[in-house]
$ cat model_30.pdb   # PDB, C-alpha atoms
MODEL        1
ATOM      1  CA  MET Z1054       0.000   0.000   0.000  1.00  0.00           C
ATOM      2  CA  ALA Z1055       2.804   2.409   0.874  1.00  0.00           C
ATOM      3  CA  ASN Z1056       4.509   1.491  -2.387  1.00  0.00           C
ATOM      4  CA  LYS Z1057       1.407   2.494  -4.404  1.00  0.00           C
ATOM      5  CA  LEU Z1058       1.181   5.748  -2.482  1.00  0.00           C
ATOM      6  CA  ALA Z1059       4.838   6.522  -3.188  1.00  0.00           C
ATOM      7  CA  VAL Z1060       4.363   5.829  -6.906  1.00  0.00           C
ATOM      8  CA  ALA Z1061       1.259   8.059  -7.011  1.00  0.00           C
ATOM      9  CA  ALA Z1062       3.076  10.841  -5.168  1.00  0.00           C
ATOM     10  CA  THR Z1063       6.042  10.573  -7.547  1.00  0.00           C
ATOM     11  CA  MET Z1064       3.751  10.714 -10.597  1.00  0.00           C
ATOM     12  CA  LEU Z1065       1.869  13.726  -9.205  1.00  0.00           C
ATOM     13  CA  PHE Z1066       5.130  15.521  -8.448  1.00  0.00           C
ATOM     14  CA  SER Z1067       6.418  14.762 -11.966  1.00  0.00           C
ATOM     15  CA  MET Z1068       3.219  16.026 -13.564  1.00  0.00           C
ATOM     16  CA  ILE Z1069       3.357  19.261 -11.560  1.00  0.00           C
ATOM     17  CA  LEU Z1070       6.977  19.787 -12.620  1.00  0.00           C
ATOM     18  CA  LEU Z1071       6.204  19.110 -16.288  1.00  0.00           C
ATOM     19  CA  LEU Z1072       3.063  21.274 -16.419  1.00  0.00           C
ATOM     20  CA  PRO Z1073       4.903  24.585 -17.134  1.00  0.00           C
ATOM     21  CA  LEU Z1074       6.877  22.934 -19.934  1.00  0.00           C
ATOM     22  CA  PHE Z1075       3.691  21.495 -21.398  1.00  0.00           C
ATOM     23  CA  VAL Z1076       1.951  24.903 -21.282  1.00  0.00           C
ATOM     24  CA  PHE Z1077       4.968  26.646 -22.841  1.00  0.00           C
ATOM     25  CA  LYS Z1078       5.246  24.121 -25.669  1.00  0.00           C
ATOM     26  CA  SER Z1079       1.472  24.317 -26.284  1.00  0.00           C
ATOM     27  CA  PHE Z1080       1.667  28.094 -26.710  1.00  0.00           C
ATOM     28  CA  GLN Z1081       4.706  27.755 -28.932  1.00  0.00           C
ATOM     29  CA  LEU Z1082       2.963  25.223 -31.159  1.00  0.00           C
ATOM     30  CA  SER Z1083      -0.252  27.239 -31.381  1.00  0.00           C
ATOM     31  CA  ASN Z1084       1.723  30.364 -32.356  1.00  0.00           C
ATOM     32  CA  ARG Z1085       3.306  28.441 -35.221  1.00  0.00           C
ATOM     33  CA  PHE Z1086      -0.229  27.823 -36.543  1.00  0.00           C
ATOM     34  CA  VAL Z1087      -2.048  31.027 -35.638  1.00  0.00           C
ATOM     35  CA  GLY Z1088       0.699  33.563 -36.348  1.00  0.00           C
ATOM     36  CA  PRO Z1089       0.908  32.844 -40.093  1.00  0.00           C
ATOM     37  CA  VAL Z1090      -2.884  32.791 -40.450  1.00  0.00           C
ATOM     38  CA  ASN Z1091      -3.203  36.197 -38.785  1.00  0.00           C
ATOM     39  CA  ARG Z1092      -0.427  37.652 -40.942  1.00  0.00           C
ATOM     40  CA  LEU Z1093      -2.011  36.219 -44.087  1.00  0.00           C
ATOM     41  CA  ARG Z1094      -5.407  37.704 -43.159  1.00  0.00           C
ATOM     42  CA  ARG Z1095      -3.817  41.113 -42.534  1.00  0.00           C
ATOM     43  CA  VAL Z1096      -1.988  41.073 -45.874  1.00  0.00           C
ATOM     44  CA  LEU Z1097      -5.171  40.055 -47.711  1.00  0.00           C
ATOM     45  CA  ARG Z1098      -7.083  42.932 -46.068  1.00  0.00           C
ATOM     46  CA  GLU Z1099      -4.321  45.354 -47.071  1.00  0.00           C
ATOM     47  CA  LEU Z1100      -4.429  44.087 -50.656  1.00  0.00           C
ATOM     48  CA  ALA Z1101      -8.213  44.489 -50.742  1.00  0.00           C
ATOM     49  CA  ASP Z1102      -7.831  48.058 -49.455  1.00  0.00           C
ATOM     50  CA  GLY Z1103      -5.365  48.843 -52.249  1.00  0.00           C
ATOM     51  CA  LYS Z1104      -2.363  49.278 -49.981  1.00  0.00           C
ATOM     52  CA  PRO Z1105       1.111  48.473 -51.359  1.00  0.00           C
ATOM     53  CA  PHE Z1106       2.150  44.847 -51.131  1.00  0.00           C
ATOM     54  CA  SER Z1107       5.496  43.658 -49.917  1.00  0.00           C
ATOM     55  CA  PRO Z1108       6.201  39.937 -50.246  1.00  0.00           C
ATOM     56  CA  LEU Z1109       4.778  37.885 -47.414  1.00  0.00           C
ATOM     57  CA  LYS Z1110       7.339  36.009 -45.336  1.00  0.00           C
ATOM     58  CA  PHE Z1111       6.575  33.943 -42.259  1.00  0.00           C
ATOM     59  CA  ARG Z1112       8.933  33.428 -39.348  1.00  0.00           C
ATOM     60  CA  LYS Z1113      11.392  30.554 -39.418  1.00  0.00           C
ATOM     61  CA  GLY Z1114       9.687  27.468 -38.027  1.00  0.00           C
ATOM     62  CA  ASP Z1115       6.142  28.669 -38.783  1.00  0.00           C
ATOM     63  CA  TYR Z1116       3.772  26.354 -40.579  1.00  0.00           C
ATOM     64  CA  TRP Z1117       2.362  27.129 -44.042  1.00  0.00           C
ATOM     65  CA  GLN Z1118       5.523  28.571 -45.576  1.00  0.00           C
ATOM     66  CA  GLU Z1119       4.246  27.359 -48.959  1.00  0.00           C
ATOM     67  CA  MET Z1120       1.113  29.474 -48.549  1.00  0.00           C
ATOM     68  CA  ALA Z1121       3.206  32.642 -48.328  1.00  0.00           C
ATOM     69  CA  GLU Z1122       5.168  31.655 -51.429  1.00  0.00           C
ATOM     70  CA  GLU Z1123       1.965  30.929 -53.361  1.00  0.00           C
ATOM     71  CA  LEU Z1124       0.421  34.252 -52.365  1.00  0.00           C
ATOM     72  CA  ASN Z1125       3.581  36.083 -53.429  1.00  0.00           C
ATOM     73  CA  ARG Z1126       3.494  34.306 -56.803  1.00  0.00           C
ATOM     74  CA  ALA Z1127      -0.213  35.082 -57.274  1.00  0.00           C
ATOM     75  CA  VAL Z1128       0.229  38.774 -56.496  1.00  0.00           C
ATOM     76  CA  GLU Z1129       3.196  38.999 -58.858  1.00  0.00           C
ATOM     77  CA  ALA Z1130       1.217  37.298 -61.641  1.00  0.00           C
ATOM     78  CA  LEU Z1131      -1.673  39.715 -61.107  1.00  0.00           C
ATOM     79  CA  ARG Z1132       0.720  42.669 -61.223  1.00  0.00           C
ATOM     80  CA  LYS Z1133       2.168  41.460 -64.519  1.00  0.00           C
ATOM     81  CA  GLN Z1134      -1.302  40.865 -65.938  1.00  0.00           C
ATOM     82  CA  ARG Z1135      -2.512  44.293 -64.835  1.00  0.00           C
ATOM     83  CA  SER Z1136       0.539  46.067 -66.258  1.00  0.00           C
ATOM     84  CA  ALA Z1137       0.086  44.243 -69.583  1.00  0.00           C
ATOM     85  CA  GLU Z1138      -3.572  45.314 -69.754  1.00  0.00           C
ATOM     86  CA  GLU Z1139      -2.949  48.988 -68.949  1.00  0.00           C
ATOM     87  CA  PRO Z1140      -2.694  51.189 -72.019  1.00  0.00           C
ATOM     88  CA  ALA Z1141       0.710  52.629 -72.617  1.00  0.00           C
ATOM     89  CA  ALA Z1142       0.959  56.287 -71.681  1.00  0.00           C
ATOM     90  CA  PRO Z1143       1.848  58.511 -74.612  1.00  0.00           C
ATOM     91  CA  ASP Z1144       5.370  59.814 -74.514  1.00  0.00           C
ATOM     92  CA  HIS Z1145       6.051  63.520 -74.139  1.00  0.00           C
ATOM     93  CA  ASP Z1146       6.618  64.127 -77.870  1.00  0.00           C
ATOM     94  CA  GLU Z1147       3.233  62.689 -78.856  1.00  0.00           C
ATOM     95  CA  SER Z1148       1.372  64.704 -76.245  1.00  0.00           C
ATOM     96  CA  SER Z1149       3.119  67.915 -77.289  1.00  0.00           C
ATOM     97  CA  ARG Z1150       2.206  67.202 -80.938  1.00  0.00           C
ATOM     98  CA  LEU Z1151      -1.401  66.685 -79.911  1.00  0.00           C
ATOM     99  CA  GLU Z1152      -1.374  70.004 -78.065  1.00  0.00           C
ATOM    100  CA  ASP Z1153       0.078  71.724 -81.173  1.00  0.00           C
ATOM    101  CA  LEU Z1154      -2.669  70.252 -83.359  1.00  0.00           C
ATOM    102  CA  GLU Z1155      -5.335  71.333 -80.916  1.00  0.00           C
ATOM    103  CA  ALA Z1156      -3.901  74.874 -80.861  1.00  0.00           C
ATOM    104  CA  VAL Z1157      -3.886  75.056 -84.668  1.00  0.00           C
ATOM    105  CA  ALA Z1158      -7.479  73.784 -84.793  1.00  0.00           C
ATOM    106  CA  ARG Z1159      -8.661  76.652 -82.570  1.00  0.00           C
TER     107      ARG Z1159
ENDMDL
END

$ encode --input "model_30.pdb" --output "C-alpha cells"
Amino acid sequence: MANKLAVAATMLFSMILLLPLFVFKSFQLSNRFVGPVNRLRRVLRELADGKPFSPLKFRKGDYWQEMAEELNRAVEALRKQRSAEEPAAPDHDESSRLEDLEAVAR
C-alpha cells in the first residue's frame, strides 16, 4: 500500500513539474499555426484596401511557408497581368504634338 502511495506521489510531483513545460510548448505550437494565419489575413485585407504589397514572409519554423510563397506568386502574376492590360501612356513628344494640333485647330 505504501509502495502504491509513493508511486502516485512521484507521478503527481512529476506532472506538476512538467506542467509549465507542457503549457509553454502548447503556446509555442499554437503560435506556429495562428501567427501565419493572422499575418495572411492582414496582408489580404491590405491588398483588398489597395495598400502596397510587400512579399509575405513567415517566421522561421512557422507552418504554411508554402502558402506565403503561393500568395507572393499570385500577387506577382496579377501585377504582370494588370501592367500588360494597362494602355501605354503617350510619350512627351506625342502629347506635345497633340497640343500643337489642338492649338492650330482653334

$ residues_around --input "model_30.pdb" --residues "Asp1115 (chain Z)" --least-positions-apart "4" --cutoff "9 Å" --atoms "all atoms listed in the file" --output "ChimeraX atom specification"
/Z:1082,1084-1086,1088-1089,1111

$ write_last_selection --input "model_30.pdb" --atoms "C-alpha atoms" --output "PDB file, in the frame of the given file"
ATOM      1  CA  LEU Z1082       2.963  25.223 -31.159  1.00  0.00           C
ATOM      2  CA  ASN Z1084       1.723  30.364 -32.356  1.00  0.00           C
ATOM      3  CA  ARG Z1085       3.306  28.441 -35.221  1.00  0.00           C
ATOM      4  CA  PHE Z1086      -0.229  27.823 -36.543  1.00  0.00           C
ATOM      5  CA  GLY Z1088       0.699  33.563 -36.348  1.00  0.00           C
ATOM      6  CA  PRO Z1089       0.908  32.844 -40.093  1.00  0.00           C
ATOM      7  CA  PHE Z1111       6.575  33.943 -42.259  1.00  0.00           C
TER       8      PHE Z1111
END

$ atom_distance --input "model_30.pdb" --atom1 "CA of Leu1124 (chain Z)" --atom2 "CA of Leu1109 (chain Z)"
7.5 Å

$ atom_distance --input "model_30.pdb" --atom1 "CA of Gln1118 (chain Z)" --atom2 "CA of Ser1083 (chain Z)"
15.4 Å

$ closest_residue --input "model_30.pdb" --among "Z:Phe1066, Z:Phe1077, Z:Phe1106, Z:Tyr1116" --to "Val1128 (chain Z)" --atoms "all atoms listed in the file"
Z:Phe1106

$ atom_distance --input "model_30.pdb" --atom1 "CA of Glu1122 (chain Z)" --atom2 "CA of Asn1091 (chain Z)"
15.8 Å

$ closest_residue --input "model_30.pdb" --among "Z:Asn1125, Z:Val1087, Z:Arg1095, Z:Leu1100" --to "Arg1112 (chain Z)" --atoms "all atoms listed in the file"
Z:Val1087

$ closest_residue --input "model_30.pdb" --among "Z:Arg1092, Z:Gln1081, Z:Ala1101, Z:Ser1136" --to "Gly1114 (chain Z)" --atoms "all atoms listed in the file"
Z:Gln1081

$ axis_aligned_box --input "model_30.pdb" --around "region 1055-1074 of chain Z" --padding-each-side "8 Å" --output "JSON"
{"center_x": 4.1, "center_y": 13.0, "center_z": -9.5, "size_x": 21.8, "size_y": 39.1, "size_z": 36.8}
